[in-house]
Amino acid sequence: MSGAAAWRSAAKDAGRVFERLDWQRLGELYFHWGGADFWSEKRPQVLELGAALGEQLAKRVDRGGSSLWVGAGVAELPVLLGEVGALGRTVIATNLRAEECDVLNEGLAAALPACPLRYVAADARVAGVAPFDHLGCISVFTDPETWPVLSDVAYGRMAPVQLPVEQFVAEREQARALAKALLARLRRPGLVTTTAEEVAWLLSAAAEVGDTIDADEELVATAVVGDPVGWLRVTAPA
Ligand SMILES: C[S@@+](CC[C@H](N)C(=O)[O-])C[C@H]1O[C@@H](n2cnc3c(N)ncnc32)[C@H](O)[C@@H]1O
């Protein structure tokens with residue numbers, strides 16, 4: 001199968017999984033974004049933008065390599081299926097919400113029983129076998145559930161006078177440690193897919209170990225959170 005045909009087939013697979021997902025349960029899990037109604041409205045866009053993201057990623061990663069995805073959810077599904085199906089890559093898709101992983105895995109098993117892709121309910125710092133040549137990190141450092149203060153600051157939702165300084169410092173240290181641990185699992189040279197809103201965490205962690213980062217000009221919109229996604233090339237010091 002040609003590259004383009006393989007991507008079309010992966011996009012169809014994503015559509016098949018979407019037909020078998022329990023949107024009611026996913027709606028409850030993402031209730032703060034509007035529940036099942038949110039998903040019925042967003043589904044076509046998630047498939048379309050996910051496929052666009054996958055096509056861009058395909059230009060930047062090698063066949064047969066391996067990706068570590070942090071906090072992967074519904075939005076990443078078309079990309080993950082493309083990586084596995086069209087590029088023959090190994091994909092470790094992690095998410096700390098075990099129930100979300102269960103729902104996604106049930107949909108995958110029902111629609112594509114032979115497909116090896118499954119979400120792993122584990123911390124990306126320890127899941128799979130490093131090094132990976134690609135790290136995917138979409139809306140993790142801006143997640144309001146994990147980092148309520150960092151998220152409010154990143155999106156300008158909190159006035160400086162309201163900043164709970166101790167909580168901010170504690171969250172910042174946790175986020176710095178996560179960024180450092182994730183980058184330590186990336187091969188050099190390596191690629192990172194991330195959003196504009198959280199890129200500073202990865203730039204800062206890379207600078208700490210003397211890595212060089214080149215940011216790609218191209219950005220792709222995301223369907224769920226709406227933050228634009230782009231790519232970083234990480235190179236070790238000479
Ligand atoms: C806001 S959600 C983003 C979901 C999806 N990427 C999207 O854009 O729709 C953030 C996710 O990151 C996950 N997460 C946070 N820290 C993580 C870690 N260390 N390892 C794996 N997942 C993590 C949380 O469990 C949560 O599901």
# chains A, B, ... in the order shown; residues from 1 in each chain; ligands from 1
>>> closest_atom_pairs(of="chain A", to="ligand 1", cutoff="9 Å", atoms="only C-alpha atoms and all ligand atoms", output="tab-separated table")
residue	atom	partner	partner_atom_place_in_ligand_line	distance
A:Trp69	CA	ligand 1	21 (C)	7.8
A:Val70	CA	ligand 1	21 (C)	4.6
A:Gly71	CA	ligand 1	12 (O)	3.3
A:Ala72	CA	ligand 1	6 (N)	4.4
A:Gly73	CA	ligand 1	5 (C)	4.4
A:Val74	CA	ligand 1	9 (O)	6.3
A:Ala75	CA	ligand 1	9 (O)	5.0
A:Glu76	CA	ligand 1	6 (N)	6.6
A:Ala93	CA	ligand 1	21 (C)	8.2
A:Thr94	CA	ligand 1	21 (C)	4.8
A:Asn95	CA	ligand 1	22 (N)	3.8
A:Leu96	CA	ligand 1	25 (O)	3.6
A:Arg97	CA	ligand 1	25 (O)	4.8
A:Ala98	CA	ligand 1	25 (O)	8.2
A:Glu100	CA	ligand 1	27 (O)	7.8
A:Val120	CA	ligand 1	21 (C)	8.6
A:Ala121	CA	ligand 1	21 (C)	7.5
A:Ala122	CA	ligand 1	21 (C)	5.9
A:Asp123	CA	ligand 1	20 (N)	3.6
A:Ala124	CA	ligand 1	20 (N)	3.9
A:Arg125	CA	ligand 1	19 (N)	6.0
A:Val126	CA	ligand 1	20 (N)	8.4
A:Ala127	CA	ligand 1	20 (N)	8.4
A:Gly136	CA	ligand 1	6 (N)	8.8
A:Cys137	CA	ligand 1	6 (N)	6.9
A:Ile138	CA	ligand 1	6 (N)	4.6
A:Ser139	CA	ligand 1	3 (C)	4.8
A:Val140	CA	ligand 1	10 (C)	4.3
A:Phe141	CA	ligand 1	15 (C)	7.4
A:Thr142	CA	ligand 1	1 (C)	6.8
A:Asp143	CA	ligand 1	1 (C)	4.2
A:Pro144	CA	ligand 1	1 (C)	6.9
A:Glu145	CA	ligand 1	1 (C)	7.4
A:Thr146	CA	ligand 1	15 (C)	6.3
A:Trp147	CA	ligand 1	15 (C)	8.9
A:Ala175	CA	ligand 1	16 (N)	8.9
A:Leu178	CA	ligand 1	19 (N)	6.6
A:Leu182	CA	ligand 1	19 (N)	8.4
A:Thr222	CA	ligand 1	8 (O)	7.5
A:Ala223	CA	ligand 1	9 (O)	7.8
A:Val224	CA	ligand 1	9 (O)	5.2
A:Val225	CA	ligand 1	8 (O)	6.0
A:Gly226	CA	ligand 1	8 (O)	8.5
A:Asp227	CA	ligand 1	8 (O)	8.6
>>> write_last_selection(atoms="C-alpha atoms", output="PDB file, in the first residue's frame")
ATOM      1  CA  TRP A  69       2.742   9.919  23.923  1.00  0.00           C
ATOM      2  CA  VAL A  70       1.973  11.614  27.247  1.00  0.00           C
ATOM      3  CA  GLY A  71      -1.671  12.200  28.194  1.00  0.00           C
ATOM      4  CA  ALA A  72      -2.987  10.777  24.922  1.00  0.00           C
ATOM      5  CA  GLY A  73      -6.774  10.843  24.572  1.00  0.00           C
ATOM      6  CA  VAL A  74      -9.497  10.745  21.924  1.00  0.00           C
ATOM      7  CA  ALA A  75      -7.917  13.599  19.945  1.00  0.00           C
ATOM      8  CA  GLU A  76      -4.714  11.660  19.321  1.00  0.00           C
ATOM      9  CA  ALA A  93       0.165   5.995  24.424  1.00  0.00           C
ATOM     10  CA  THR A  94      -0.063   6.858  28.118  1.00  0.00           C
ATOM     11  CA  ASN A  95      -2.752   8.567  30.150  1.00  0.00           C
ATOM     12  CA  LEU A  96      -3.109   8.660  33.937  1.00  0.00           C
ATOM     13  CA  ARG A  97      -6.909   8.383  33.749  1.00  0.00           C
ATOM     14  CA  ALA A  98      -7.437   4.609  33.852  1.00  0.00           C
ATOM     15  CA  GLU A 100     -10.478   6.861  29.869  1.00  0.00           C
ATOM     16  CA  VAL A 120      -1.619   2.413  28.772  1.00  0.00           C
ATOM     17  CA  ALA A 121      -2.861   3.743  32.112  1.00  0.00           C
ATOM     18  CA  ALA A 122       0.615   4.638  33.358  1.00  0.00           C
ATOM     19  CA  ASP A 123       2.976   7.499  33.980  1.00  0.00           C
ATOM     20  CA  ALA A 124       4.869   8.335  30.776  1.00  0.00           C
ATOM     21  CA  ARG A 125       8.044   8.624  32.853  1.00  0.00           C
ATOM     22  CA  VAL A 126       8.145   4.835  33.240  1.00  0.00           C
ATOM     23  CA  ALA A 127       5.970   3.323  30.467  1.00  0.00           C
ATOM     24  CA  GLY A 136       4.043  13.552  21.838  1.00  0.00           C
ATOM     25  CA  CYS A 137       2.772  15.917  24.513  1.00  0.00           C
ATOM     26  CA  ILE A 138      -0.507  17.703  23.748  1.00  0.00           C
ATOM     27  CA  SER A 139      -2.209  19.791  26.436  1.00  0.00           C
ATOM     28  CA  VAL A 140      -0.479  18.022  29.334  1.00  0.00           C
ATOM     29  CA  PHE A 141       1.281  20.975  30.998  1.00  0.00           C
ATOM     30  CA  THR A 142      -1.849  23.096  30.535  1.00  0.00           C
ATOM     31  CA  ASP A 143      -4.207  20.456  32.013  1.00  0.00           C
ATOM     32  CA  PRO A 144      -6.403  22.234  34.613  1.00  0.00           C
ATOM     33  CA  GLU A 145      -6.989  18.978  36.528  1.00  0.00           C
ATOM     34  CA  THR A 146      -3.302  18.208  37.018  1.00  0.00           C
ATOM     35  CA  TRP A 147      -1.996  21.800  37.304  1.00  0.00           C
ATOM     36  CA  ALA A 175       6.009  20.374  35.903  1.00  0.00           C
ATOM     37  CA  LEU A 178       8.075  16.045  34.428  1.00  0.00           C
ATOM     38  CA  LEU A 182      10.204  13.126  29.557  1.00  0.00           C
ATOM     39  CA  THR A 222      -6.230  20.782  17.500  1.00  0.00           C
ATOM     40  CA  ALA A 223      -9.868  19.853  17.842  1.00  0.00           C
ATOM     41  CA  VAL A 224     -10.411  19.375  21.557  1.00  0.00           C
ATOM     42  CA  VAL A 225      -8.565  22.097  23.444  1.00  0.00           C
ATOM     43  CA  GLY A 226      -8.014  24.288  20.386  1.00  0.00           C
ATOM     44  CA  ASP A 227      -4.340  25.080  21.042  1.00  0.00           C
TER      45      ASP A 227
END
>>> residues_around(residues="A:Leu49", least_positions_apart="3", cutoff="9 Å", atoms="only C-alpha atoms", output="NGL selection string")
:A and (44-46 or 52-54 or 75 or 78 or 220-223)
>>> select_by_dssp(residues="stretch 4-238 of chain A", states="alpha helix (DSSP H)", output="PyMOL selection string")
chain A and resi 4-20+23-29+35-58+77-87+98-111+148-154+165-183+199-208
>>> residues_around(residues="A:Phe18", least_positions_apart="6", cutoff="9 Å", atoms="only C-alpha atoms", output="ChimeraX atom specification")
/A:43,47,74,107-108,111
>>> select_by_dssp(residues="stretch 6-225 of chain A", states="strand (DSSP E or B)", output="MDAnalysis selection string")
chainID A and resid 66:70 90:94 119:120 132:137 186:195 212:215 220
>>> residues_around(residues="A:Trp231", least_positions_apart="6", cutoff="10 Å", atoms="only C-alpha atoms", output="JSON, numbers by chain")
{"A": [56, 57, 60, 135, 136, 191, 192, 193, 194, 195, 196, 199, 213, 214, 215, 216, 217, 218, 219, 220]}
>>> residues_around(residues="A:Arg187", least_positions_apart="2", cutoff="12 Å", atoms="only C-alpha atoms", output="list in words")
Gly65, Ser66, Ser67, Leu68, Val129, Ala130, Pro131, Phe132, Asp133, His134, Leu135, Leu182, Leu183, Ala184, Arg185, Pro189, Gly190, Leu191, Val192, Asp211, Arg233, Val234, Thr235 and Ala236 of chain A
>>> closest_residue(among="A:Glu173, A:Glu208, A:Asp13, A:Glu166", to="A:Val84", atoms="only C-alpha atoms")
A:Asp13
>>> closest_atom_pairs(of="stretch 82-187 of chain A", to="stretch 23-31 of chain A", cutoff="9 Å", atoms="only C-alpha atoms", output="CSV")
residue,atom,partner,partner_atom,distance
A:Glu99,CA,A:Leu29,CA,8.1
A:Glu100,CA,A:Leu26,CA,6.9
A:Val103,CA,A:Leu26,CA,7.2
A:Leu104,CA,A:Leu26,CA,8.7
>>> closest_residue(among="A:Lys42, A:Arg20, A:Val149, A:Val229", to="A:Asn105", atoms="only C-alpha atoms")
A:Arg20
>>> residues_around(residues="stretch 86-90 of chain A", least_positions_apart="5", cutoff="8 Å", atoms="only C-alpha atoms", output="PyMOL selection string")
chain A and resi 3+6-7+10+58+62-67+81
>>> closest_residue(among="A:Gln162, A:Ala179, A:Gly82, A:Arg157", to="A:Ala4", atoms="only C-alpha atoms")
A:Gly82
>>> closest_residue(among="A:Gly156, A:Arg118, A:Arg16, A:Lys59", to="A:Asp102", atoms="only C-alpha atoms")
A:Arg118
